[in-house]
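Here's data21.txt, which has compact mmCIF, C-alpha atoms and all ligand atoms:
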# COMPACT_ATOMS: atom_id res chain seq x y z
CA MET U 1 -123.59 -59.32 193.41
CA PRO U 2 -120.15 -60.91 193.71
CA THR U 3 -119.76 -63.53 191.04
CA SER U 4 -116.96 -65.31 189.36
CA ASN U 5 -118.88 -66.04 186.19
CA PRO U 6 -116.98 -64.86 183.09
CA ALA U 7 -120.18 -63.30 181.72
CA ALA U 8 -119.91 -60.69 184.49
CA LEU U 9 -116.62 -59.48 182.98
CA VAL U 10 -118.29 -58.75 179.65
CA TYR U 11 -121.63 -57.54 181.02
CA PRO U 12 -121.08 -56.22 184.54
CA SER U 13 -123.54 -57.31 187.21
CA ARG U 14 -125.63 -54.77 189.09
CA VAL U 15 -128.52 -55.40 191.48
CA PRO U 16 -129.88 -52.69 193.80
CA ALA U 17 -130.24 -53.55 197.49
CA HIS U 18 -134.06 -53.62 197.46
CA TYR U 19 -134.21 -56.05 194.56
CA ARG U 20 -131.42 -58.18 196.01
CA SER U 21 -133.33 -58.50 199.28
CA ARG U 22 -136.27 -59.98 197.36
CA ILE U 23 -134.19 -62.74 195.71
CA ASP U 24 -134.61 -66.23 197.15
CA GLY U 25 -130.95 -67.23 197.31
CA ALA U 26 -131.81 -70.83 198.15
CA ASP U 27 -133.65 -71.34 194.86
CA PRO U 28 -131.48 -71.34 191.71
CA GLN U 29 -134.69 -71.07 189.64
CA ASP U 30 -135.93 -68.03 191.53
CA PRO U 31 -137.33 -65.68 188.86
CA LEU U 32 -135.53 -62.65 190.30
CA HIS U 33 -132.28 -64.56 190.52
CA LEU U 34 -132.58 -65.69 186.90
CA GLN U 35 -133.05 -62.09 185.72
CA THR U 36 -129.92 -60.81 187.45
CA ILE U 37 -127.35 -63.59 187.81
CA PRO U 38 -124.60 -63.69 185.14
CA GLN U 39 -124.61 -66.99 183.28
CA THR U 40 -122.07 -68.46 180.90
CA ALA U 41 -124.88 -68.88 178.34
CA GLU U 42 -124.78 -65.10 177.78
CA LEU U 43 -121.46 -65.54 176.01
CA CYS U 44 -122.94 -67.97 173.44
CA PHE U 45 -123.81 -65.75 170.52
CA ASP U 46 -125.93 -66.99 167.66
CA PRO U 47 -124.77 -65.35 164.40
CA ARG U 48 -128.35 -64.25 163.74
CA GLU U 49 -128.43 -62.21 166.94
CA MET U 50 -127.53 -58.50 166.83
CA SER U 51 -125.84 -55.80 168.86
CA ASP U 52 -128.53 -53.26 167.79
CA PRO U 53 -131.51 -55.65 167.68
CA ILE U 54 -134.30 -53.13 167.04
CA GLY U 55 -132.40 -50.75 164.76
CA ASP U 56 -132.24 -47.77 167.14
CA ASP U 57 -129.05 -46.48 165.50
CA ARG U 58 -130.70 -46.25 162.09
CA HIS U 59 -133.33 -43.86 163.46
CA SER U 60 -131.04 -41.68 165.53
CA PRO U 61 -130.82 -38.22 163.89
CA CYS U 62 -128.55 -36.92 166.64
CA PRO U 63 -126.96 -38.27 169.83
CA HIS U 64 -129.33 -39.43 172.60
CA LEU U 65 -132.40 -39.31 170.34
CA VAL U 66 -134.32 -42.03 168.47
CA HIS U 67 -137.08 -40.86 166.11
CA ARG U 68 -138.77 -43.86 164.56
CA TYR U 69 -142.46 -42.91 164.73
CA PRO U 70 -143.66 -39.49 163.56
CA ASP U 71 -145.31 -38.32 166.77
CA ARG U 72 -142.93 -39.52 169.48
CA VAL U 73 -139.21 -39.70 170.19
CA LEU U 74 -137.01 -41.54 172.63
CA LEU U 75 -134.69 -39.24 174.53
CA ILE U 76 -131.89 -41.12 176.27
CA PRO U 77 -130.45 -38.90 179.01
CA THR U 78 -128.32 -41.72 180.43
CA HIS U 79 -127.24 -45.21 179.48
CA ALA U 80 -126.69 -46.13 183.11
CA CYS U 81 -129.20 -48.35 184.86
CA ALA U 82 -129.87 -49.20 188.51
CA ILE U 83 -130.11 -52.87 187.67
CA HIS U 84 -128.48 -54.86 184.91
CA CYS U 85 -131.16 -57.21 183.62
CA ARG U 86 -129.27 -60.01 181.96
CA TYR U 87 -131.69 -59.95 179.02
CA CYS U 88 -131.50 -56.17 178.49
CA PHE U 89 -132.04 -55.23 174.82
CA ARG U 90 -129.57 -52.36 175.22
CA LYS U 91 -127.03 -54.41 177.19
CA GLU U 92 -124.20 -53.56 174.80
CA LYS U 93 -124.78 -49.83 175.42
CA LEU U 94 -125.26 -50.42 179.14
CA ALA U 95 -121.85 -52.05 179.30
CA SER U 96 -119.91 -49.68 177.08
CA SER U 97 -121.26 -46.15 177.68
CA PRO U 98 -120.05 -43.63 180.25
CA LYS U 99 -122.18 -43.48 183.39
CA ALA U 100 -123.20 -39.87 182.92
CA PHE U 101 -122.78 -37.03 180.47
CA PRO U 102 -123.37 -33.29 180.79
CA PHE U 103 -126.84 -31.88 180.16
CA SER U 104 -125.40 -29.80 177.30
CA ASP U 105 -124.98 -33.07 175.35
CA LEU U 106 -128.78 -33.17 175.05
CA LEU U 107 -129.09 -29.72 173.45
CA PRO U 108 -128.87 -30.97 169.82
CA ALA U 109 -131.68 -33.42 170.64
CA PHE U 110 -133.84 -30.59 171.98
CA ASP U 111 -133.06 -28.48 168.89
CA TYR U 112 -134.20 -31.38 166.73
CA ILE U 113 -137.44 -31.76 168.73
CA ARG U 114 -138.11 -28.02 168.49
CA LYS U 115 -137.80 -28.15 164.68
CA HIS U 116 -140.04 -31.19 164.31
CA THR U 117 -143.51 -29.96 165.14
CA GLU U 118 -145.06 -33.36 164.39
CA ILE U 119 -143.58 -34.66 167.66
CA THR U 120 -146.11 -34.62 170.49
CA GLU U 121 -144.54 -36.93 173.05
CA VAL U 122 -141.05 -37.23 174.50
CA ILE U 123 -140.16 -40.58 176.05
CA LEU U 124 -137.29 -40.56 178.52
CA THR U 125 -135.59 -43.92 178.49
CA GLY U 126 -132.10 -45.36 178.91
CA GLY U 127 -130.69 -46.98 180.95
CA ASP U 128 -132.99 -45.61 183.60
CA PRO U 129 -133.75 -41.88 183.56
CA LEU U 130 -134.62 -41.97 187.27
CA LEU U 131 -130.92 -42.46 188.05
CA LEU U 132 -130.61 -38.74 187.30
CA PRO U 133 -131.00 -36.32 190.21
CA ASP U 134 -134.43 -34.69 190.73
CA LYS U 135 -132.96 -31.34 189.69
CA THR U 136 -131.87 -32.67 186.29
CA LEU U 137 -135.24 -34.36 185.80
CA GLY U 138 -136.96 -31.07 186.67
CA LEU U 139 -134.82 -29.31 184.08
CA LEU U 140 -135.65 -31.97 181.48
CA ARG U 141 -139.35 -31.60 182.29
CA SER U 142 -139.34 -27.82 182.01
CA THR U 143 -137.31 -27.90 178.76
CA VAL U 144 -139.86 -30.31 177.27
CA GLU U 145 -142.72 -28.20 178.61
CA ASP U 146 -141.41 -25.07 176.91
CA ILE U 147 -141.68 -26.64 173.45
CA PRO U 148 -145.19 -25.69 172.38
CA HIS U 149 -146.04 -28.71 170.21
CA LEU U 150 -145.23 -31.25 172.95
CA ARG U 151 -148.21 -32.60 174.85
CA ALA U 152 -146.90 -35.49 176.91
CA LEU U 153 -143.86 -36.71 178.78
CA ARG U 154 -143.33 -40.41 179.25
CA ILE U 155 -140.75 -42.06 181.49
CA HIS U 156 -139.64 -45.63 180.96
CA THR U 157 -138.22 -46.79 184.27
CA ARG U 158 -137.75 -49.94 186.30
CA MET U 159 -137.09 -47.91 189.47
CA PRO U 160 -140.57 -48.29 191.04
CA ILE U 161 -139.96 -52.06 190.90
CA VAL U 162 -136.25 -52.45 191.63
CA SER U 163 -135.66 -49.46 193.92
CA PRO U 164 -139.11 -48.17 194.91
CA LYS U 165 -137.79 -45.70 197.50
CA ARG U 166 -136.52 -43.63 194.56
CA ILE U 167 -140.14 -42.50 194.11
CA THR U 168 -140.47 -39.57 196.48
CA PRO U 169 -142.73 -36.51 196.77
CA ARG U 170 -139.72 -34.46 195.66
CA LEU U 171 -139.34 -36.50 192.47
CA VAL U 172 -143.06 -36.18 191.80
CA ARG U 173 -142.82 -32.40 192.21
CA ALA U 174 -139.86 -32.23 189.81
CA LEU U 175 -141.91 -34.02 187.14
CA SER U 176 -145.24 -32.29 187.71
CA GLY U 177 -146.21 -29.44 185.47
CA LYS U 178 -148.32 -28.69 182.45
CA LEU U 179 -147.84 -31.95 180.59
CA LEU U 180 -149.48 -35.31 180.97
CA VAL U 181 -146.90 -37.59 182.59
CA THR U 182 -146.92 -41.33 181.99
CA PHE U 183 -144.73 -43.80 183.85
CA VAL U 184 -144.05 -47.08 182.09
CA THR U 185 -142.64 -49.49 184.65
CA HIS U 186 -141.06 -52.84 183.91
CA ALA U 187 -142.02 -55.91 185.95
CA ASN U 188 -141.76 -59.51 184.83
CA HIS U 189 -142.91 -61.52 187.82
CA VAL U 190 -145.31 -60.99 190.69
CA ARG U 191 -142.50 -61.65 193.20
CA GLU U 192 -140.97 -58.34 192.09
CA LEU U 193 -143.96 -56.52 193.60
CA CYS U 194 -144.30 -55.71 197.29
CA ALA U 195 -145.65 -53.14 199.76
CA GLU U 196 -142.94 -50.62 198.75
CA THR U 197 -143.80 -50.83 195.04
CA LYS U 198 -147.43 -50.28 195.98
CA THR U 199 -146.54 -47.18 197.99
CA ALA U 200 -144.48 -45.87 195.07
CA ALA U 201 -147.34 -46.48 192.65
CA GLU U 202 -149.79 -44.72 194.97
CA LEU U 203 -147.55 -41.68 195.16
CA LEU U 204 -147.44 -41.50 191.36
CA ARG U 205 -151.17 -42.01 191.00
CA ARG U 206 -151.96 -39.29 193.50
CA ALA U 207 -149.99 -36.97 191.21
CA ALA U 208 -152.37 -37.96 188.37
CA PHE U 209 -149.60 -39.71 186.45
CA VAL U 210 -150.72 -42.49 184.12
CA LEU U 211 -149.14 -45.83 185.07
CA LEU U 212 -148.40 -48.57 182.54
CA ASN U 213 -146.14 -51.60 182.68
CA GLN U 214 -144.13 -53.54 180.18
CA THR U 215 -143.08 -57.14 180.62
CA VAL U 216 -140.51 -59.15 178.70
CA LEU U 217 -141.49 -62.75 177.96
CA LEU U 218 -138.60 -64.76 179.42
CA LYS U 219 -138.02 -68.49 179.40
CA GLY U 220 -137.94 -69.94 182.91
CA VAL U 221 -139.04 -66.63 184.44
CA ASN U 222 -142.59 -65.99 183.25
CA ASP U 223 -143.31 -68.12 180.16
CA ASP U 224 -146.59 -69.58 181.34
CA ALA U 225 -150.13 -68.24 181.46
CA ASP U 226 -150.64 -68.61 185.23
CA THR U 227 -147.47 -66.70 186.12
CA LEU U 228 -148.36 -63.86 183.77
CA ALA U 229 -152.03 -63.81 184.81
CA THR U 230 -151.00 -63.35 188.45
CA LEU U 231 -148.53 -60.60 187.54
CA PHE U 232 -150.98 -58.69 185.33
CA GLN U 233 -153.82 -58.87 187.87
CA GLU U 234 -151.58 -57.83 190.74
CA LEU U 235 -150.15 -54.93 188.72
CA PHE U 236 -153.59 -53.57 187.91
CA TYR U 237 -155.74 -54.47 190.90
CA SER U 238 -153.17 -53.82 193.65
CA HIS U 239 -151.01 -51.13 192.10
CA GLY U 240 -153.24 -49.39 189.54
CA ILE U 241 -150.62 -50.10 186.86
CA LYS U 242 -152.12 -51.14 183.53
CA PRO U 243 -150.21 -53.92 181.71
CA TYR U 244 -149.29 -52.27 178.40
CA TYR U 245 -146.89 -54.46 176.42
CA LEU U 246 -145.69 -58.04 176.68
CA HIS U 247 -142.49 -57.94 174.63
CA HIS U 248 -141.24 -60.90 172.71
CA CYS U 249 -137.55 -61.23 173.62
CA ASP U 250 -135.41 -59.26 171.12
CA LEU U 251 -132.62 -60.73 169.01
CA THR U 252 -130.03 -59.20 171.34
CA ARG U 253 -126.75 -61.14 171.40
CA GLY U 254 -126.42 -63.87 174.01
CA LEU U 255 -130.10 -64.24 174.89
CA LEU U 256 -130.74 -67.69 173.44
CA HIS U 257 -131.38 -69.13 176.90
CA PHE U 258 -134.04 -66.48 177.64
CA ARG U 259 -135.89 -66.60 174.32
CA THR U 260 -139.18 -68.48 173.93
CA SER U 261 -140.82 -69.26 170.61
CA ILE U 262 -143.47 -66.90 169.26
CA ASP U 263 -145.86 -69.89 169.38
CA CYS U 264 -145.34 -70.03 173.14
CA GLY U 265 -146.26 -66.35 173.48
CA LEU U 266 -149.29 -66.74 171.23
CA ARG U 267 -150.55 -69.73 173.24
CA ILE U 268 -150.24 -67.71 176.45
CA MET U 269 -152.14 -64.78 174.95
CA GLU U 270 -154.81 -67.16 173.73
CA THR U 271 -155.23 -68.56 177.24
CA LEU U 272 -155.35 -65.11 178.81
CA ARG U 273 -157.82 -63.54 176.38
CA GLY U 274 -161.29 -64.05 177.85
CA ARG U 275 -159.86 -65.26 181.15
CA LEU U 276 -158.40 -61.93 182.27
CA SER U 277 -160.20 -58.62 182.35
CA GLY U 278 -159.25 -56.50 179.35
CA VAL U 279 -157.74 -53.90 181.66
CA CYS U 280 -155.24 -56.52 182.87
CA LEU U 281 -154.32 -57.74 179.40
CA PRO U 282 -151.28 -56.25 177.63
CA GLN U 283 -150.59 -56.40 173.92
CA TYR U 284 -148.00 -58.99 172.91
CA VAL U 285 -145.54 -57.22 170.60
CA LEU U 286 -142.46 -57.89 168.54
CA ASP U 287 -140.02 -55.09 167.79
CA LEU U 288 -138.95 -55.77 164.22
CA PRO U 289 -135.21 -55.78 163.54
CA GLY U 290 -133.85 -53.05 161.30
CA GLY U 291 -135.86 -50.31 163.01
CA HIS U 292 -139.17 -51.18 161.37
CA GLY U 293 -141.08 -50.78 164.62
CA LYS U 294 -143.32 -52.79 166.92
CA ILE U 295 -146.08 -55.03 165.66
CA PRO U 296 -148.78 -56.81 167.67
CA LEU U 297 -148.58 -60.59 167.69
CA CYS U 298 -152.11 -61.99 167.85
CA PRO U 299 -153.52 -65.50 167.99
CA PRO U 300 -155.44 -66.23 164.78
CA TYR U 301 -158.99 -65.15 165.60
CA ILE U 302 -159.79 -64.76 161.90
CA HIS U 303 -160.38 -68.30 160.68
CA ALA U 304 -161.67 -67.58 157.16
CA ARG U 305 -163.43 -64.92 155.15
CA LYS U 306 -165.31 -64.68 151.90
CA GLY U 307 -166.23 -61.12 151.04
CA PHE U 308 -168.18 -59.84 154.01
CA ALA U 309 -168.79 -63.28 155.46
CA TRP U 310 -166.21 -64.03 158.10
CA THR U 311 -165.55 -67.01 160.29
CA PHE U 312 -163.94 -66.11 163.58
CA ARG U 313 -162.54 -68.35 166.24
CA SER U 314 -163.74 -67.48 169.76
CA PRO U 315 -161.32 -67.41 172.73
CA THR U 316 -162.63 -70.86 173.69
CA GLY U 317 -162.06 -72.26 170.20
CA VAL U 318 -165.61 -72.14 168.82
CA LEU U 319 -165.88 -71.21 165.12
CA CYS U 320 -168.42 -68.39 164.71
CA ASP U 321 -169.80 -67.10 161.43
CA TYR U 322 -170.19 -63.37 161.18
CA GLU U 323 -171.83 -61.50 158.34
CA GLU U 324 -170.99 -57.80 158.14
CA VAL U 325 -174.02 -55.53 158.03
CA ILE U 326 -172.97 -52.17 156.65
CA PRO U 327 -174.72 -49.50 154.54
CA GLU U 328 -172.85 -50.18 151.33
CA ASN U 329 -170.03 -52.42 150.37
CA PRO U 330 -166.82 -50.46 149.91
CA PRO U 331 -164.72 -51.54 146.93
C1 LIG O 1 -141.13 -48.57 171.54
C2 LIG O 1 -140.74 -47.30 170.96
C3 LIG O 1 -141.53 -46.16 171.13
C4 LIG O 1 -142.80 -46.17 171.94
O1 LIG O 1 -143.79 -46.85 171.27
P1 LIG O 1 -145.26 -46.94 171.87
O2 LIG O 1 -145.92 -47.95 171.00
O3 LIG O 1 -145.86 -45.57 171.78
O4 LIG O 1 -145.12 -47.37 173.28
C5 LIG O 1 -141.13 -45.00 170.53
N1 LIG O 1 -140.01 -44.94 169.80
C6 LIG O 1 -139.22 -46.02 169.62
C7 LIG O 1 -138.00 -45.87 168.80
C8 LIG O 1 -139.56 -47.24 170.21
O5 LIG O 1 -138.76 -48.29 170.05
S1 LIG O 2 -134.17 -51.88 183.43
FE1 LIG O 2 -134.36 -51.78 181.20
S2 LIG O 2 -132.56 -50.62 180.51
FE2 LIG O 2 -132.15 -51.29 182.62
S3 LIG O 2 -131.04 -53.19 182.37
FE3 LIG O 2 -133.21 -53.72 182.61
S4 LIG O 2 -133.99 -53.89 180.51
FE4 LIG O 2 -132.03 -52.77 180.41
Would you write out, as structure tokens, the structure that this file holds?
Ligand SMILES: *Cc1c(COP(=O)(O)O)cnc(C)c1O
Ligand code: SF4
Amino acid sequence: MPTSNPAALVYPSRVPAHYRSRIDGADPQDPLHLQTIPQTAELCFDPREMSDPIGDDRHSPCPHLVHRYPDRVLLIPTHACAIHCRYCFRKEKLASSPKAFPFSDLLPAFDYIRKHTEITEVILTGGDPLLLPDKTLGLLRSTVEDIPHLRALRIHTRMPIVSPKRITPRLVRALSGKLLVTFVTHANHVRELCAETKTAAELLRRAAFVLLNQTVLLKGVNDDADTLATLFQELFYSHGIKPYYLHHCDLTRGLLHFRTSIDCGLRIMETLRGRLSGVCLPQYVLDLPGGHGKIPLCPPYIHARKGFAWTFRSPTGVLCDYEEVIPENPP
């Protein structure tokens, strides 16, 4: 999108045609516009913000690989992305990395995965892995498949939302094989969904892929219960995509204008619990800085406890006593 904002010089702007066509140009508060338009506020860094907000580098044993949890790794086959979300947690890498690198650059990562038999799942992320050609994705899939201890392949991609025509029968064939395939899409507002995203989701579901979605909690875009309720219900009921995570906005540099308080997120989760079907309800998570991993952020349902006598707070705010009835009291 042509723009004269200085933020676009530091973090280049990129919006695919499909997504651009969905933006309401007449409304400066349009949620799609806010996610993609460079703003001067992005250049206001708070000293407590970070260039590597979730400590990926600390857990990277070799290039293109992040191994933080024992049983799963992130494999980053490209840092390029179809869209440049202004709040991207890897925006520094997005801006500074080469668009593509040769497949041979990934070989040390595969050697590492082969040696670490505790790994069961490979997560392709980026950037957006679906920017790679089908042939490369097919090669990635078969390389993963040939490692006997791997059981699942996961793909973190915003393509079904921002460029849904990328999802084709050919792509599905390239990714289909022996392993369970999970797609984790990324949608933040119901206006990002349309007939084309639904067609893309149907294609993936017909291939027996598991579909999940992650959402980033963003000020001005989706930081209220009604907006998120509509998104989560539409994702699941119309697209068959299960809301998986609601991410608290990371401490990435220049995101002050997008960040809500944790209290705001907790209040939203409190409103949604009990109101939305459990299948529509994601887990609200915070990725701890320093590479310590994700933790769930939960409203305080435990009000008090004394031994095995608990007092819980119901979703509607009623205090309920609960006495545990178990065979014997563990120490
Ligand atoms: C988020 C993340 C994962 C995936 O975690 P899940 O809870 O399984 O979705 C894996 N590795 C790293 C480094 C991550 O940041
Ligand atoms: S789709 Fe993901 S990786 Fe790409 S710019 Fe947005 S947040 Fe970053």
Produce a table with one row for each residue of chain U that has an atom at most 7 Å from any atom of ligand LIG 2 (chain O), each row naming the nearest atom pair and its distance in Å at one decimal; use all atoms listed in the file; arrange rows by chain and rising residue number; format as CSV.
residue,atom,partner,partner_atom,distance
U:Cys81,CA,O:LIG2,FE2,4.7
U:Ala82,CA,O:LIG2,FE2,6.7
U:Ile83,CA,O:LIG2,S3,5.4
U:His84,CA,O:LIG2,S3,4.0
U:Cys85,CA,O:LIG2,FE3,4.2
U:Tyr87,CA,O:LIG2,S4,6.7
U:Cys88,CA,O:LIG2,S4,3.9
U:Phe89,CA,O:LIG2,FE4,6.1
U:Arg90,CA,O:LIG2,FE4,5.8
U:Lys91,CA,O:LIG2,FE4,6.2
U:Gly126,CA,O:LIG2,S2,5.5
U:Gly127,CA,O:LIG2,S2,4.1
U:Asp128,CA,O:LIG2,FE2,5.8
U:Thr157,CA,O:LIG2,S1,6.6
U:Arg158,CA,O:LIG2,S1,5.0
U:His186,CA,O:LIG2,S1,7.0
* Asked: Which residue gives the smallest distance to ligand LIG 1 (chain O) among U:Thr271, U:Thr182, U:Thr252, U:Thr40, with only C-alpha atoms and all ligand atoms counted?
  ->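 Looking only at the distances to ligand LIG 1 (chain O), the closest residue turns out to be U:Thr182.
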* Write out as a ChimeraX atom specification each polymer residue whose atoms come within 8 Å of segment 205-218 of chain U, counting all atoms listed in the file; drop sequence neighbours fewer than 6 positions from it. => /U:172,176,180-188,235,240-249,258-260,265
Please tabulate, as a Markdown table, the residues of chain U that come within 7 Å of ligand LIG 1 (chain O), each with its closest pair of atoms and the distance in Å to one decimal, counting only C-alpha atoms and all ligand atoms and ordering rows by chain, then residue number upward.
| residue | atom | partner | partner_atom | distance |
| --- | --- | --- | --- | --- |
| U:Asp56 | CA | O:LIG1 | C7 | 6.3 |
| U:Val66 | CA | O:LIG1 | C7 | 5.3 |
| U:His67 | CA | O:LIG1 | C7 | 5.8 |
| U:Arg68 | CA | O:LIG1 | C7 | 4.8 |
| U:Tyr69 | CA | O:LIG1 | N1 | 6.0 |
| U:Arg72 | CA | O:LIG1 | C5 | 5.9 |
| U:Val73 | CA | O:LIG1 | N1 | 5.3 |
| U:Leu74 | CA | O:LIG1 | N1 | 5.3 |
| U:Gly293 | CA | O:LIG1 | O5 | 6.4 |
| U:Lys294 | CA | O:LIG1 | C1 | 6.6 |
* To do: For Gln29 of chain U, list every protein, DNA or RNA residue within 12 Å, evaluated using only C-alpha atoms, and leave out those in the same chain fewer than 5 positions away; present the list as a list in words.
  => Ile23, Asp24, Leu34, Gln35, Thr36, Ile37, Lys219, Gly220, Val221 and Asn222 of chain U
